[in-house]
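S.K.: Got a structure for you, written out below as structure tokens; questions coming shortly.
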Amino acid sequence: MTWYRFGEWIIERRFRVLLVLGALTLFFGYFAAQTQLVTSFGDLLPKNHPFIKTYGKYEEFFGGTNTVTIMVEARNGTIYTHDIIAKVAAMTRDMDLVYGVQHGSVRSLTNASFFRPLPGGVILNAPILPEGAIPKTPRELEELKSNVHRNPGVVFGQFVSLDEKAAKITATFLESRLDYRKIFEETYKLVVDPHRDSSVRIYVYGPPILYGWVYHYTPQIFRIFMVTVIALWVLLYLYFHDWRGALRPTISGVICAIWGLGFIRLIGFALDPLVLVIPFLITARAVSHSVQMHDRYYEEYYRLRDKEKAILSAFSELFVPSLSGILTDAFGVLVILLVPVLFLQKLAITASFWIAAIIVSELLLNPIVYYYLEPPRIEVIERREKGVFKRMLEAIARPMLSPGGRIVTTLATVAVIVLCAFFWTGLKVGDPSSETPYLWPTSAYNRAAKAIESKFGGVDPFLVVVELQGRTVLDDPQLYRVMDEYQRYMEGDPEISGSYSLADQLANSGGPLKEFQFKWSVLPTSKRTTGALLQSFLAGSSPLATAFILTPRREATQITLYCRNREGENVQRIVARTQRFFKDPSHQVPGVEFKPGGGIIGQLAAANQEIIDNDLRLNILAFATIYIIVLITYRSFMAGLYLLFPLALANAAINAYMGAHEIGININTLPVVTVGVGFGIDYAIYIVSRIIEELALGREIQDATYHALVTSGKAVAFTALTLVASVLFWYWSSIRFDAEMGLLLAVWMFVSMLGAMTILPVLIVIFDPKFIHREKERVIASRRPDLAQRAVAAASA
């Protein structure tokens with residue numbers, strides 16, 4: 001009777017409890033009102049990974065993931081018209097005005113240079129546009145075209161497509177000044193929109209634009225959220241047949257959300273638009289627990305016909321199962337803290353607190369809310385007991401628990417396991433396709449990626465930083481030979497569309513120095529020639545103008561590979577080939593260290609490696625945490641195995657679903673999947689706890705299991721189906737990631753519910769485990785008077 005007396009204590013001191021909880025809710029509400037939506041790709045990266053350290057050291061010069069690519073494509077003919085070249089020049093100039101841009105990083109054909117011969121044998125590294133002016137006449141346009149062709153691989157093929165129908169502009173943004181919303185808005189307002197017309201198509205690509213689209217679609221999510229809330233209200237009303245049934249779970253959800261949002265802001269974190277589905281589902285879990293309590297309250301009131309006794313009876317019976325279910329969710333999420341990724345660590349802390357806040361809204365506040373609400377009408381409860389939903393469960397439960405039904409259920413479960421194992425093989429680490437998983441394939445962003453790739457090949461860079469110990473190393477021709485060999489080696493990979501390095505620049509410089517005989521456009525073979533070519537490239541340019549390829553202090557250069565897609569297998573192969581190449585002793589250069597890891601491909605490789613290293617460990621720790629809590633709850637080693645089986649089945653089903661639908665395990669899906677590990681264990685806990693109660697009333701194991709399924713199981717099935725139905729609205733979101741992750745977690749909870757409602761009770765009936773009967777005796781010993789009364793009522797029924 002311990003929890004019964006605790007419920008009495010709460011009701012007796014309801015004013016003080018309400019005062020404390022109200023003050024805390026106002027406190028968290030103050031901070032919740034200041035919640036910000038912020039996403040940062042940098043928080044997704046494992047900071048201690050060598051690739052990320054290399055990226056952080058040189059991203060100021062060589063750029064990183066925060067690069068925007070704009071392609072201007074002529075609708076008819078080539079780009080060599082006055083109007084199109086003027087557009088490219090104006091867009092290049094205006095791009096330097098966008099907030100957060102790294103000045104000097106904006107590059108296009110209009111600010112590129114070439115070697116120009118002057119009278120007296122002077123060779124000048126001059127701007128590619130004649131006299132720096134926009135060409136107007138056919139002769140000037142032809143001269144521009146000739147200048148572009150003099151720079152194959154540097155301008156032609158890099159900033160002008162090989163079919164000469166498109167031009168490219170690139171710009172890198174500073175990590176310290178990232179504001180995705182502002183970058184997105186200013187890029188379109190200042191650069192893109194003023195130059196759209198019937199003569200060109202303009203495409204924009206790059207992570208800052210991607211996250212800008214996410215912010216752009218965020219208001220749509222809030223509209224979907226409101227529709228979801230209305231749908232939940234309607235379903236709750238239809239289930240309970242009165243407004244109290246809709247109000248009470250809503251109170252739990254709202255208070256839980258206020259505490260969760262307030263805590264996020266209180267500790268200085270922000271809400272990421274890409275994981276809005278997680279707080280929504282946590283709040284939905286609060287509603288789920290509340291439905292269990294409300295359903296039990298109606299049942300106890302019908303039995304006792306006394307409001308306060310019904311409140312205390314429902315509270316005491318469900319306190320332990322509710323607390324265990326909440327704690328398994330909270331601690332199961334907290335294990336994410338072990339992954340050395342800032343975003344995941346933030347998520348672990350905030351999601352765990354948010355889930356733990358359900359204890360306040362569900363267990364501490366519940367008795368008081370029921371105390372002030374009018375009790376339900378008896379005819380309403382009777383109508384619910386004869387409703388379609390309960391009749392369906394009764395029609396399914398009894399045949400399922402019969403000898404034949406047990407065999408069918410067991411065989412069906414085995415078939416599901418085999419099916420899951422088959423589709424599980426399709427699960428991939430990393431992005432499963434070249435499209436971004438954040439937006440739908442038909443989105444403007446994914447269309448831009450395909451258009452740019454069709455003209456310029458790969459759009460995702462992979463950088464190898466070449467660190468130099470002393471400036472004299474730059475004059476070593478062996479350095480450029482190794483760089484060139486690496487580029488040719490990697491271009492043999494079908495997913496590499498091209499490459500660029502200082503070696504290409506020096507090779508292109510050879511022809512002009514030999515009276516523009518381009519047969520001499522080859523790599524230098526002596527230190528003297530190397531130094532001369534290098535000086536001719538750097539002459540007349542500021543250190544900032546050439547920082548994209550050689551740092552101002554000349555301590556590092558870089559090699560860039562352009563990759564066609566970012567599929568996990570391709571990323572892994574590109575990195576492995578790179579590491580294998582530079583481990584070869586013949587590719588070692590004295591005073592030089594080759595460090596891969598820059599660009600979006602390098603960062604994805606680092607993130608994917610962390611997933612490979614931590615995914616299995618996270619799942620083991622999450623299941624172990626849940627097992628320990630179940631062990632403490634039921635004081636049995638076998639109890640954990642029984643209750644974890646439906647959860648493991650749901651985990652297998654989710655991995656199979658992801659494999660079948662080409663949803664990869666990446667740095668974004670990992671937290672969603674890990675959060676989902678604990679979701680659904682409460683279904684099994686509620687079912688098993690009710691079986692123990694029914695056994696304590698004197699029922700046999702099969703009869704007790706049947707009554708558990710048609711009472712507590714009714715609320716379990718309803719909450720799972722309600723969550724599935726409500727999440728379906730998310731599938732209309734333009735943010736594909738939120739839509740798919742919402743559906744993924746809905747499938748997870750549905751499968752968890754099916755496991756808790758089918759194979760778990762069948763296994764309990766077949767094996768009649770000892771822990772069930774041991775817990776039954778403990779329940780009998782602790783509540784003899786009440787159980788005797790209920791046993792008489794059960795026998796008469």
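Every chain in the structure tokens has a letter given in the order shown (A, B, ...), and although residue numbers restart at 1 in each chain, ligands are simply numbered from 1 in the order shown.
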If you run DSSP on the backbone here, which positions in stretch 531-760 of chain A get helix (DSSP H, G or I)? Please write them as an MDAnalysis selection string.

M.R.: chainID A and resid 531:538 568:583 585:587 599:634 637:660 669:678 681:696 701:710 712:732 736:757 759:760

S.K.: As a PyMOL selection string, please: the residues near A:Ile611 (cut-off 10 Å, only C-alpha atoms, same-chain neighbours under 2 positions excluded).

M.R.: chain A and resi 339+429-430+605-609+613-618+665-667+670

S.K.: Might you pull out every residue within 9 Å of A:Leu479, with only C-alpha atoms counted and same-chain residues fewer than 5 positions away left off, and present them as a PyMOL selection string?

M.R.: chain A and resi 473-474+484+503+587-590+592

S.K.: Could you pull the residues within 7 Å of stretch 288-301 of chain A, counting only C-alpha atoms, minus those fewer than 6 positions along the same chain, as an NGL selection string?

M.R.: :A and (249 or 252 or 307 or 310-311 or 313-314 or 318 or 322 or 362 or 381 or 715 or 719)

S.K.: Got time to write the residues from that selection, C-alpha atoms, as a compact mmCIF listing (two decimals), in the first residue's frame?

M.R.:
```txt
# COMPACT_ATOMS: atom_id res chain seq x y z
CA PRO A 249 -3.71 13.54 -21.63
CA SER A 252 0.32 15.93 -19.50
CA LYS A 307 -13.90 9.13 -7.08
CA ALA A 310 -10.68 5.21 -7.78
CA ILE A 311 -7.96 7.87 -8.14
CA SER A 313 -6.37 2.72 -6.72
CA ALA A 314 -5.43 3.59 -10.31
CA LEU A 318 0.14 1.99 -12.28
CA SER A 322 4.58 4.04 -15.38
CA GLU A 362 1.91 12.08 -15.21
CA ILE A 381 -17.97 3.84 -19.02
CA ALA A 715 -5.00 1.34 -23.89
CA THR A 719 -2.04 4.78 -27.91
```

S.K.: Identify which of the residues A:Ala330, A:Ala112, A:Leu178, A:Ile368 lies closest to A:Phe156, counting only C-alpha atoms when measuring atom-to-atom distances.

M.R.: A:Ala112

S.K.: When you draw a straight line from atom CA of A:Met753 to atom CA of A:Leu411, how long is it in Å?

M.R.: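 Atom CA of A:Met753 sits 18.0 Å away from atom CA of A:Leu411.
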
S.K.: Taking only C-alpha atoms into account, which of A:Thr350, A:Phe319, A:His49, A:Glu60 comes nearest A:Ile549?

M.R.: A:Glu60

S.K.: Could you give me, as a PyMOL selection string, the residues within 7 Å of stretch 26-42 of chain A, counting only C-alpha atoms and dropping anything in the same chain fewer than 6 positions from it?

M.R.: chain A and resi 258-259+261-263+265-266+270-273

S.K.: Once you count only C-alpha atoms, what closest atom pair and distance in Å to one decimal does each residue of stretch 601-702 of chain A within 9 Å of stretch 447-463 of chain A have, with rows by chain and rising residue number, as JSON lines?

M.R.:
```
{"residue": "A:Ile601", "atom": "CA", "partner": "A:Phe462", "partner_atom": "CA", "distance": 5.1}
{"residue": "A:Gly602", "atom": "CA", "partner": "A:Phe462", "partner_atom": "CA", "distance": 5.7}
{"residue": "A:Gln603", "atom": "CA", "partner": "A:Phe462", "partner_atom": "CA", "distance": 8.8}
```

S.K.: Counting only C-alpha atoms, figure out which residue out of A:Val101, A:Ile183, A:Leu109, A:Met95 gets nearest to A:Asn147.

M.R.: A:Leu109

S.K.: Which one of A:Arg107, A:Arg471, A:Lys53, A:Lys714 sits closest to A:Ala556 if you count only C-alpha atoms?

M.R.: A:Arg471

S.K.: Between atom CA of A:Phe594 and atom CA of A:Asp431, what distance in Å does the model show, to one decimal?

M.R.: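 Taking atom CA of A:Phe594 and atom CA of A:Asp431, their separation equals 26.4 Å.
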
S.K.: Among stretch 462-578 of chain A, which ones does DSSP place in strand (DSSP E), written as a list of chain:residue names?

M.R.: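 Secondary structure check on stretch 462-578 of chain A, strand (DSSP E): A:Phe462, A:Leu463, A:Val464, A:Val465, A:Val466, A:Glu467, A:Leu468, A:Ile496, A:Ser497, A:Gly498, A:Ser499, A:Tyr500, A:Ser501, A:Ala556, A:Thr557, A:Gln558, A:Ile559, A:Thr560, A:Leu561, A:Tyr562, A:Cys563.
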
S.K.: Taking 4 positions as the minimum chain separation for residues in the same chain, which residues sit within 10 Å of stretch 741-748 of chain A when counting only C-alpha atoms? Answer as a PyMOL selection string.

M.R.: chain A and resi 274-278+280-281+647+649-655+657-658+663+668-669+672-673+675-677+679-680+720-731+736-737+752-754

S.K.: Between A:Tyr205, A:Glu485, A:Glu567, A:Tyr80, which has the minimum distance to A:Lys428 (counting only C-alpha atoms)?

M.R.: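 Going through A:Tyr205, A:Glu485, A:Glu567, A:Tyr80 one by one, the smallest distance to A:Lys428 is for A:Glu567.
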
S.K.: Quick check, in Å to one decimal: how far apart do atom CA of A:Pro127 and atom CA of A:Thr65 lie?

M.R.: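 Atom CA of A:Thr65 lies at a distance of 27.8 Å from atom CA of A:Pro127.
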
S.K.: Please report as CSV every residue of stretch 625-677 of chain A lying within 12 Å of stretch 758-774 of chain A, along with the nearest atom pair and their distance in Å (one decimal), using only C-alpha atoms.

M.R.:
```
residue,atom,partner,partner_atom,distance
A:Val630,CA,A:Phe771,CA,11.8
A:Leu631,CA,A:Phe771,CA,10.5
A:Thr633,CA,A:Phe771,CA,11.0
A:Tyr634,CA,A:Phe771,CA,7.2
A:Arg635,CA,A:Phe771,CA,7.7
A:Ser636,CA,A:Phe771,CA,6.1
A:Phe637,CA,A:Phe771,CA,8.7
A:Met638,CA,A:Phe771,CA,7.4
A:Ala639,CA,A:Phe771,CA,6.7
A:Gly640,CA,A:Phe771,CA,10.4
A:Leu641,CA,A:Leu760,CA,10.4
A:Tyr642,CA,A:Leu760,CA,6.8
A:Leu643,CA,A:Leu760,CA,7.3
A:Leu644,CA,A:Leu760,CA,9.4
A:Phe645,CA,A:Leu760,CA,7.6
A:Pro646,CA,A:Leu760,CA,6.8
A:Leu647,CA,A:Leu760,CA,10.3
A:Ala648,CA,A:Leu760,CA,11.8
A:Leu649,CA,A:Ile759,CA,10.0
A:Ala650,CA,A:Ile759,CA,11.9
```
